[in-house]
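input-v9.txt, holding compact mmCIF, C-alpha atoms and all ligand atoms:
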# COMPACT_ATOMS: atom_id res chain seq x y z
CA MET V 12 1.69 60.72 -7.35
CA ASN V 13 -1.32 58.50 -6.70
CA PRO V 14 -3.42 59.84 -3.78
CA TYR V 15 -5.21 56.49 -3.47
CA GLY V 16 -2.07 54.37 -3.05
CA ASN V 17 -2.50 50.94 -4.61
CA LEU V 18 -6.31 51.11 -4.42
CA SER V 19 -6.67 52.79 -7.80
CA THR V 20 -4.20 52.72 -10.63
CA GLN V 21 -6.78 54.38 -12.89
CA HIS V 22 -5.89 57.82 -11.62
CA SER V 23 -2.96 60.14 -12.10
CA SER V 24 -2.26 63.28 -10.08
CA TRP V 25 0.60 65.66 -10.79
CA PRO V 26 0.97 68.36 -8.13
CA ILE V 27 2.86 71.46 -9.25
CA LEU V 28 4.60 73.15 -6.34
CA LEU V 29 6.60 76.37 -6.37
CA VAL V 30 9.36 76.83 -3.82
CA ILE V 31 10.58 80.32 -3.01
CA TYR V 32 14.33 79.96 -3.17
CA ASN V 33 15.54 83.30 -1.88
CA LEU V 34 14.44 82.48 1.63
CA PRO V 35 16.96 81.07 4.11
CA PRO V 36 17.56 77.34 3.45
CA TRP V 37 15.88 76.34 6.70
CA LEU V 38 12.68 78.11 5.63
CA CYS V 39 12.35 77.51 1.89
CA MET V 40 11.38 73.85 2.28
CA LYS V 41 8.76 74.53 4.96
CA ARG V 42 5.23 73.85 3.82
CA LYS V 43 3.95 77.34 4.59
CA TYR V 44 6.47 78.92 2.19
CA MET V 45 5.66 76.58 -0.70
CA ILE V 46 3.04 77.56 -3.25
CA PHE V 47 0.70 74.82 -4.39
CA SER V 48 0.26 76.16 -7.90
CA MET V 49 -1.93 73.52 -9.54
CA MET V 50 -2.93 69.87 -9.61
CA ILE V 51 -3.04 68.10 -12.96
CA SER V 52 -5.43 65.27 -12.31
CA GLY V 53 -7.08 62.69 -14.52
CA PRO V 54 -7.33 59.06 -15.60
CA ARG V 55 -4.02 59.23 -17.51
CA GLN V 56 -0.70 61.00 -17.23
CA PRO V 57 -0.63 64.34 -19.06
CA GLY V 58 2.41 63.27 -21.14
CA ASN V 59 3.52 65.94 -23.60
CA ASP V 60 0.23 67.81 -23.05
CA ILE V 61 1.74 68.99 -19.76
CA ASP V 62 2.75 72.20 -21.59
CA VAL V 63 -0.95 73.02 -22.11
CA TYR V 64 -1.59 72.69 -18.36
CA LEU V 65 1.53 74.65 -17.47
CA SER V 66 0.98 77.50 -19.96
CA PRO V 67 -0.98 79.79 -17.53
CA LEU V 68 1.79 79.35 -14.94
CA ILE V 69 4.51 79.99 -17.53
CA GLU V 70 2.60 83.09 -18.69
CA ASP V 71 2.51 84.41 -15.10
CA LEU V 72 6.18 83.62 -14.52
CA ARG V 73 7.12 85.36 -17.77
CA LYS V 74 5.13 88.46 -16.76
CA LEU V 75 6.78 88.44 -13.32
CA TRP V 76 10.19 88.20 -14.99
CA ASP V 77 9.59 90.88 -17.66
CA GLU V 78 7.44 93.44 -15.85
CA GLY V 79 7.68 92.46 -12.19
CA VAL V 80 5.10 93.41 -9.60
CA LEU V 81 4.99 96.08 -6.90
CA VAL V 82 5.20 94.61 -3.41
CA PHE V 83 5.55 96.06 0.06
CA ASP V 84 8.82 95.22 1.79
CA GLY V 85 7.91 94.87 5.46
CA PHE V 86 11.54 95.06 6.61
CA CYS V 87 12.44 98.29 4.79
CA LYS V 88 8.87 99.63 5.11
CA GLU V 89 8.76 100.66 1.45
CA THR V 90 7.32 99.47 -1.83
CA CYS V 91 9.65 97.84 -4.30
CA GLU V 92 9.47 96.06 -7.63
CA MET V 93 9.79 92.30 -7.37
CA HIS V 94 10.86 90.07 -10.26
CA VAL V 95 10.91 86.29 -10.29
CA MET V 96 12.77 83.66 -12.27
CA LEU V 97 12.31 79.94 -12.64
CA PHE V 98 15.54 78.58 -11.20
CA CYS V 99 15.11 74.84 -11.76
CA THR V 100 12.55 72.06 -11.92
CA ILE V 101 12.54 68.84 -9.92
CA ASN V 102 10.75 65.93 -11.56
CA ASP V 103 11.19 62.27 -12.40
CA PHE V 104 12.99 61.11 -15.53
CA PRO V 105 9.90 60.49 -17.74
CA ALA V 106 8.55 63.95 -16.82
CA TYR V 107 11.98 65.39 -17.71
CA GLY V 108 11.33 64.04 -21.22
CA ASN V 109 7.90 65.73 -21.34
CA LEU V 110 9.21 69.07 -20.05
CA SER V 111 12.39 69.31 -22.11
CA SER V 112 11.44 67.28 -25.21
CA TYR V 113 14.60 65.30 -24.53
CA ASN V 114 14.51 61.67 -25.60
CA VAL V 115 14.39 59.65 -22.36
CA LYS V 116 13.76 56.27 -24.00
CA GLY V 117 15.81 54.05 -26.27
CA HIS V 118 19.52 53.51 -26.65
CA HIS V 119 20.74 57.08 -26.09
CA ALA V 120 18.51 58.06 -23.19
CA CYS V 121 21.19 59.35 -20.81
CA PRO V 122 21.31 63.19 -20.97
CA ILE V 123 24.94 63.15 -19.79
CA CYS V 124 26.40 60.39 -21.98
CA GLU V 125 24.11 61.07 -24.99
CA GLU V 126 25.66 59.24 -28.00
CA ASP V 127 28.10 57.40 -25.70
CA THR V 128 25.32 55.89 -23.59
CA SER V 129 26.32 52.31 -22.84
CA TYR V 130 23.48 49.81 -23.11
CA ILE V 131 22.60 46.20 -23.77
CA GLN V 132 19.37 44.86 -25.19
CA LEU V 133 17.93 41.92 -23.25
CA LYS V 134 17.52 38.94 -25.57
CA HIS V 135 14.11 37.72 -24.41
CA GLY V 136 12.43 40.75 -22.86
CA ARG V 137 13.69 43.20 -25.54
CA LYS V 138 14.28 45.68 -22.74
CA THR V 139 17.13 48.18 -22.89
CA MET V 140 19.49 48.04 -19.92
CA TYR V 141 21.91 50.89 -19.26
CA THR V 142 25.31 49.67 -18.17
CA ARG V 143 28.89 50.64 -17.30
CA HIS V 144 28.02 53.29 -14.74
CA ARG V 145 31.33 52.57 -13.02
CA HIS V 146 33.13 54.81 -15.52
CA PHE V 147 31.84 57.79 -13.51
CA LEU V 148 33.82 56.63 -10.47
CA LYS V 149 37.29 57.97 -9.61
CA PRO V 150 40.12 56.35 -11.66
CA HIS V 151 41.33 54.02 -8.89
CA HIS V 152 38.02 53.27 -7.24
CA PRO V 153 37.99 49.61 -6.04
CA TYR V 154 34.64 48.91 -7.75
CA LYS V 155 36.31 49.43 -11.16
CA ARG V 156 38.41 46.28 -10.67
CA PHE V 157 35.63 44.30 -8.95
CA LYS V 158 34.56 41.64 -11.46
CA LYS V 159 32.34 39.38 -9.43
CA ALA V 160 29.39 41.74 -8.96
CA PHE V 161 29.68 43.35 -12.41
CA ASN V 162 29.14 40.72 -15.10
CA GLY V 163 32.73 39.44 -14.80
CA SER V 164 34.25 42.58 -16.30
CA GLN V 165 36.44 45.41 -15.11
CA GLU V 166 35.87 49.05 -16.03
CA HIS V 167 38.88 50.89 -17.47
CA LYS V 168 37.16 53.92 -18.95
CA THR V 169 37.09 57.13 -16.89
CA THR V 170 34.81 59.96 -17.88
CA LEU V 171 34.74 61.77 -14.57
CA ILE V 172 35.16 65.46 -15.27
CA PRO V 173 36.20 67.22 -12.06
CA LEU V 174 33.98 70.15 -11.13
CA THR V 175 35.69 73.54 -11.14
CA GLY V 176 33.76 74.93 -8.21
CA GLU V 177 32.19 77.73 -10.23
ZN ZN Y 201 25.02 58.24 -18.73
Could you write out this file's structure as structure tokens?
Ligand SMILES: [Zn+2]
Amino acid sequence: MNPYGNLSTQHSSWPILLVIYNLPPWLCMKRKYMIFSMMISGPRQPGNDIDVYLSPLIEDLRKLWDEGVLVFDGFCKETCEMHVMLFCTINDFPAYGNLSSYNVKGHHACPICEEDTSYIQLKHGRKTMYTRHRHFLKPHHPYKRFKKAFNGSQEHKTTLIPLTGE
């Protein structure tokens, strides 16, 4: 995020927030239950150096997972051992590349399609465009036959894998 809006593009701020997920859903997204862990701030994005900034947090999370910490449970009125786990991260796609070392640029940038990522290279701008997203739609979805808005082509491929519910 840029705290100065469009006034300064020479600054990069990456807030790291922790959300306690074993609270009821109507509470876990409230500001007072979020932990503002750190702010990575500077003239440039941290890029792959983000692991250096995150290492103290990862160290703490690892300790809380392995050893846990004694806390007082106000409901049961007794002390218990609390452990934590990192459930998931929410970030933009470039940061996903920094955090996971996954390649998020080039011809095979889609983490779902991988080698089957469909792309075209723009002739003049040399930019890579990712295409054929309609193959994720249901087999008889009307957009699959709709030529006019999709480069004059229909989509016949279906790669939708139904979720099992587990
Ligand atoms: Zn894809």
Can you measure atom CA of V:Thr128 to atom CA of V:Arg143 for me? One decimal in Å is fine. 8.9 Å
Site check for ligand ZN 201 (chain Y): residues at most 10 Å away, only C-alpha atoms and all ligand atoms, as a ChimeraX atom specification: /V:119-130,141-144,146-147,170
What separates atom CA of V:Val63 and atom CA of V:Val95 is a distance of 21.4 Å
Using all atoms listed in the file for the distances, tell me which of V:Glu89, V:Ile101, V:Met140, V:Tyr107 is nearest to V:Pro26.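 Closest candidate: V:Ile101.
For the pair atom CA of V:Val30 and atom CA of V:Ile46, the interatomic distance is 6.4 Å.
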Which residues, written as a JSON list (two decimals) with C-alpha atoms, in the coordinates of the input, have at least one atom at most 7 Å from V:Asn13, with all atoms listed in the file counted and residues fewer than 4 positions away on the same chain left out?
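Listing of out_20.json after writing:
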[["chain", "number", "residue", "atom", "x", "y", "z"],
["V", 22, "HIS", "CA", -5.89, 57.82, -11.62],
["V", 23, "SER", "CA", -2.96, 60.14, -12.10],
["V", 24, "SER", "CA", -2.26, 63.28, -10.08]]
Select, from V:Phe98, V:Met49, V:Leu75, V:Pro150, the residue with the minimum atom-to-atom distance to V:Tyr32, counting all atoms listed in the file.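 Closest to V:Tyr32 of all the choices is V:Phe98.
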Quick one: residues within 12 Å of V:Gln21, only C-alpha atoms counted, chain neighbours fewer than 4 positions away excluded, as a PDB file with C-alpha atoms, in the coordinates of the input?
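selection-v5.pdb, freshly written:
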ATOM      1  CA  MET V  12       1.690  60.720  -7.350  1.00  0.00           C
ATOM      2  CA  ASN V  13      -1.320  58.500  -6.700  1.00  0.00           C
ATOM      3  CA  PRO V  14      -3.420  59.840  -3.780  1.00  0.00           C
ATOM      4  CA  TYR V  15      -5.210  56.490  -3.470  1.00  0.00           C
ATOM      5  CA  GLY V  16      -2.070  54.370  -3.050  1.00  0.00           C
ATOM      6  CA  ASN V  17      -2.500  50.940  -4.610  1.00  0.00           C
ATOM      7  CA  SER V  52      -5.430  65.270 -12.310  1.00  0.00           C
ATOM      8  CA  GLY V  53      -7.080  62.690 -14.520  1.00  0.00           C
ATOM      9  CA  PRO V  54      -7.330  59.060 -15.600  1.00  0.00           C
ATOM     10  CA  ARG V  55      -4.020  59.230 -17.510  1.00  0.00           C
ATOM     11  CA  GLN V  56      -0.700  61.000 -17.230  1.00  0.00           C
TER      12      GLN V  56
END
Extract, using all atoms listed in the file, all DNA, RNA and protein residues at most 12 Å from V:Arg137, discarding same-chain residues fewer than 4 positions from it, and format them as a PyMOL selection string. chain V and resi 117-118+131-133
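For the choices V:Phe161, V:Asn109, V:Cys99, V:Met45, the atom-to-atom distance to V:Ile61 is smallest for V:Asn109 when using all atoms listed in the file.
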Please identify all polymer residues within 10 Å of V:Gly58, counting all atoms listed in the file, omitting same-chain residues fewer than 5 positions from it, and present them as number ranges by chain. V: 105-106, 108-110
Could you check which of V:Cys39, V:Gly163, V:Ser111, V:Leu28 is closest to V:Asp62, using all atoms listed in the file?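 Using all atoms listed in the file, the shortest distance to V:Asp62 belongs to V:Ser111.
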